[in-house]
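*Asks:* Okay, handing you the structure first.
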Amino acid sequence: MAKLELDAIVLASDPLSRVRIAGLTARERAVRVAKRVGAERVLVVEGDTDIRAWREGRSCAVLVIEANQLVHTPLVAPLIEAMPSHGYAMAVDDLTYAGAFVAAPDVADEAITKLAPGPDAVKVQAGPIAHAPIATPEQRKAAHKLLYRILIKPQDNAITRYLYRPISFPLTRMLVWTSITPNQISYLVAVMVAIGCWFTAHQSMTSVLLGTIIVLAARYVDCCDGEVARVKLLSSRFGAWIDTIVDELSSIGYMVAIGYHCHLYFGPNDLGNLSFDPWLVGIVVVVITYAITIYSVYYNIIVAVGSANSQDYVGRFDVVPGSQPNSVRLAPATSKAIATKKPLPPWLEFIATYLPYIVRRDFIAWGTVAFAALHLTHVAFAFLVAGGVVSSVIVGLDHLKLRALRRSITRRGQLIEAPR
């Protein structure tokens, strides 16, 4: 598929274009929206700007956005998806012009002269959380609330939604007004975890508790990098992978640190007169099993799911017809961690829904604080080792099944389409 050629014009003559919502002026946000949907060049028009000189020699489509309102990607993304081969397409909200249109190459010159959609423009419904008026204080307050609705992720489990987000949301609302970038937040999280692991890897129970609390605090800050990125349109594949790498290294670093603490505090003979140090063996087991889990999970989400978020992991897939002859694609068989063929009683459904959360970082971070406060660090480490072994077995078997499924499809001479 050929790359879309697109220029964008942001109309910023209205004083409202300088109103700031969640740390960005309306014009800055419009520019980022245009770039997000693929605009190669963006011109901000204020006063008597020579648009024709800017466009000289170009014959591609033109996107025009009015920056007298809060705009977000869902305003123009549907326009680009419905890009007409001829004429105009304009964004509408309940059939009312919503302040953005795209002009095909054949009417681009006309578009930059009128800076308005033609009378026969195709009407394209704007997506959710797409735009909002900002003329009055009440409207700006409502625009803030509308924009922050994008922070609720469908992958969030109950622990994240009710224990982490209520604290990370206020932090994010402060951070968006600063120049701190999402990647800088990820680096801060890495530093906090490194400090927390350093304290944890000491013999003192007080030191372990302090280190574990620092690691827990880092989990809250870690929620903010993605939130700031979504609100300020700074999401990137590099940033997503930085966040992922920090998360995984944080988890394994803490496991190693608390294992080393147990080695120092309890000593090699705490579990009996053994010829080896069980705590150091546990550290080795943690590293090996976690490496297996990481490989299996990320093979799954990258190759089969098409994501960089471990929360999108799927254990079982169905083979469904692809978009091309003799092609298939893998579709998640279930979105539940524990799938059942028949409906369950309410109490059992609750267990099947929430039991998997105990192996997630969000739960573990709080659980380890409780164990450290009770001086049960050896129990916490035992649970981490056991969890690592069980997780590696489960996802390892899923990985082998996925590999076998892909090989069987290939042996039949069929093509496997990339995940959507």
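Residue names in the structure tokens use chain letters A, B, ... in the order shown, residue numbers from 1 in each chain, and ligand numbers from 1 in the order shown.
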Could you give me, as JSON, numbers by chain, the residues within 10 Å of Asp106 of chain A, counting only C-alpha atoms and dropping anything in the same chain fewer than 2 positions from it?

*Replies:* {"A": [59, 60, 61, 85, 86, 87, 88, 103, 104, 108, 109, 110, 111]}

*Asks:* Might you pull out every residue within 6 Å of Val45 of chain A, with only C-alpha atoms counted and same-chain residues fewer than 6 positions away left off, and present them as a PyMOL selection string?

*Replies:* chain A and resi 10-12

*Asks:* I need the residue nearest Pro166 of chain A from this list: A:Cys197, A:Met205, A:Leu151, A:Leu70. Use only C-alpha atoms for the distance.

*Replies:* A:Leu151

*Asks:* May I ask which of the residues A:Pro325, A:Ala386, A:Arg20, A:Thr377 is the closest one to Ala135 of chain A, counting only C-alpha atoms?

*Replies:*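 Once distances to Ala135 of chain A are computed over only C-alpha atoms, the minimum belongs to A:Arg20.
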
*Asks:* Counting only C-alpha atoms, which residues in segment 189-270 of chain A sit no more than 8 Å from segment 280-289 of chain A? For each one, give the nearest pair of atoms and the distance in Å, sorted by chain then residue number, as JSON lines.

*Replies:*
```
{"residue": "A:Ile252", "atom": "CA", "partner": "A:Val287", "partner_atom": "CA", "distance": 6.9}
{"residue": "A:Met255", "atom": "CA", "partner": "A:Val286", "partner_atom": "CA", "distance": 7.2}
{"residue": "A:Val256", "atom": "CA", "partner": "A:Ile283", "partner_atom": "CA", "distance": 5.6}
{"residue": "A:Gly259", "atom": "CA", "partner": "A:Ile283", "partner_atom": "CA", "distance": 5.9}
{"residue": "A:Tyr260", "atom": "CA", "partner": "A:Leu280", "partner_atom": "CA", "distance": 7.1}
{"residue": "A:His263", "atom": "CA", "partner": "A:Leu280", "partner_atom": "CA", "distance": 6.8}
```

*Asks:* With C-alpha atoms retained, write the just-selected residues as a JSON list (two decimals), in the first residue's frame.

*Replies:*
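File selection-v7.json, as written:
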```
[["chain", "number", "residue", "atom", "x", "y", "z"],
["A", 252, "ILE", "CA", 13.07, -9.12, 37.51],
["A", 255, "MET", "CA", 12.82, -10.41, 42.43],
["A", 256, "VAL", "CA", 16.60, -10.72, 42.36],
["A", 259, "GLY", "CA", 16.15, -13.01, 46.86],
["A", 260, "TYR", "CA", 19.55, -11.58, 47.69],
["A", 263, "HIS", "CA", 20.35, -14.83, 51.23]]
```

*Asks:* Which one is closest to Thr200 of chain A: A:Ile112, A:Ala372, A:Ile167, A:Leu402? Count only C-alpha atoms.

*Replies:*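 Closest to Thr200 of chain A of all the choices is A:Ala372.
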